[in-house]
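To start, the structure under review is shown below, and the notes come after it.
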Amino acid sequence: MRGMGNMGNMQGMMQKMQKMQKEMQKTQAEIEASVFEVSDSQNLVTVKITGKKEIVELVINEALVDPDDIEMLQDLVLATVNQAIQKVETTQEEKLGKFTAGLNLPF
């Protein structure tokens with residue numbers, strides 16, 4: 001009968017894991033439904049990106065448009081888009097990392 005105690009512990013652990021999985025799914029859905037906004041330091045380029053990493057808006061200040069220096073515009077847009085993606089990833093790590101902290105998972 002002593003083995004039944006371990007079964008109860010296993011069942012309790014499985015219930016906790018299922019609850020944690022549901023919370024993770026809820027948190028992931030909240031992140032995916034969010035819109036993140038990032039601008040460069042001078043507010044010349046603004047990017048809005050969803051938690052699914054889909055750009056939904058890109059605003060370029062008209063003062064930035066110089067036909068003789070299109071490369072600077074391209075570099076600034078790329079840098080701002082990459083910052084927006086990093087913001088989504090950081091949010092995911094912060095919000096979802098609490099679920100896996102201390103579990104020593106191989107991934």
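Following the order of the structure tokens, first chain is A, next is B, and so on, with residues numbered from 1 inside each chain and ligands from 1 in the order they appear.
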Shell of 10 Å around Val35 in chain A, only C-alpha atoms, local chain residues under 3 positions omitted, as a short mmCIF file (atom, residue, chain, number, x, y, z; two decimals) with C-alpha atoms, in the first residue's frame:
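Written output follows (selection-v5.cif):
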```
data_model
loop_
_atom_site.label_atom_id
_atom_site.label_comp_id
_atom_site.auth_asym_id
_atom_site.auth_seq_id
_atom_site.Cartn_x
_atom_site.Cartn_y
_atom_site.Cartn_z
CA ILE A 31 1.86 38.04 -25.64
CA GLU A 32 0.69 37.17 -29.16
CA VAL A 47 7.74 50.16 -35.61
CA LYS A 48 4.66 48.42 -34.22
CA ILE A 49 4.94 44.65 -34.04
CA THR A 50 2.64 41.96 -32.69
CA GLY A 51 3.66 39.27 -30.24
CA LYS A 52 3.66 36.96 -33.26
CA LYS A 53 6.50 39.09 -34.67
CA GLU A 54 4.38 40.53 -37.48
CA ILE A 55 5.01 44.17 -38.27
CA VAL A 56 1.67 45.98 -38.36
CA ALA A 84 11.07 45.55 -31.94
CA VAL A 88 8.91 40.69 -28.19
#
```
Please extract the residues of range 14-93 of chain A with a backbone DSSP assignment of strand (DSSP E or B) and present them as a ChimeraX atom specification.
/A:35-39,45-50,55-60
Those residues with C-alpha atoms, as a PDB file, in the first residue's frame please?
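Wrote it out as again.pdb, contents follow:
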```pdb
ATOM      1  CA  VAL A  35       1.332  45.111 -29.871  1.00  0.00           C
ATOM      2  CA  PHE A  36       4.816  46.395 -29.087  1.00  0.00           C
ATOM      3  CA  GLU A  37       5.959  49.833 -30.206  1.00  0.00           C
ATOM      4  CA  VAL A  38       9.618  50.752 -30.634  1.00  0.00           C
ATOM      5  CA  SER A  39      11.204  53.964 -31.893  1.00  0.00           C
ATOM      6  CA  VAL A  45      11.451  55.509 -37.255  1.00  0.00           C
ATOM      7  CA  THR A  46       8.655  53.830 -35.296  1.00  0.00           C
ATOM      8  CA  VAL A  47       7.744  50.157 -35.610  1.00  0.00           C
ATOM      9  CA  LYS A  48       4.660  48.421 -34.220  1.00  0.00           C
ATOM     10  CA  ILE A  49       4.942  44.648 -34.043  1.00  0.00           C
ATOM     11  CA  THR A  50       2.640  41.963 -32.687  1.00  0.00           C
ATOM     12  CA  ILE A  55       5.012  44.174 -38.270  1.00  0.00           C
ATOM     13  CA  VAL A  56       1.675  45.984 -38.361  1.00  0.00           C
ATOM     14  CA  GLU A  57       2.884  49.565 -38.743  1.00  0.00           C
ATOM     15  CA  LEU A  58       6.033  51.333 -39.835  1.00  0.00           C
ATOM     16  CA  VAL A  59       6.246  55.127 -39.546  1.00  0.00           C
ATOM     17  CA  ILE A  60       9.140  57.064 -41.028  1.00  0.00           C
TER      18      ILE A  60
END
```
Of the residues A:Met13, A:Val77, A:Met24, A:Ile70, which is the one nearest to Leu44 in chain A, using only C-alpha atoms?
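Residue with the minimum atom-to-atom distance to Leu44 in chain A: A:Val77.
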A:Asp75, A:Glu62, A:Asp69, A:Glu23: which is nearest Asp40 in chain A, counting only C-alpha atoms?
A:Asp75
Using DSSP assignments from the backbone, pull out every residue in chain A that falls under helix (DSSP H, G or I) and give it to me as a PyMOL selection string.
chain A and resi 2-33+62-64+70-100
Mind pulling up the distance from CA of Leu73 in chain A to CA of Ser34 in chain A?
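For CA of Ser34 in chain A relative to CA of Leu73 in chain A, the distance reads 27.0 Å.
Take CA of Lys22 in chain A and CA of Asn6 in chain A: the distance between them is 24.3 Å.
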Rounded to one decimal place, report the CA of Thr27 in chain A-CA of Glu93 in chain A distance in Å.
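Those two atoms sit 11.1 Å apart.
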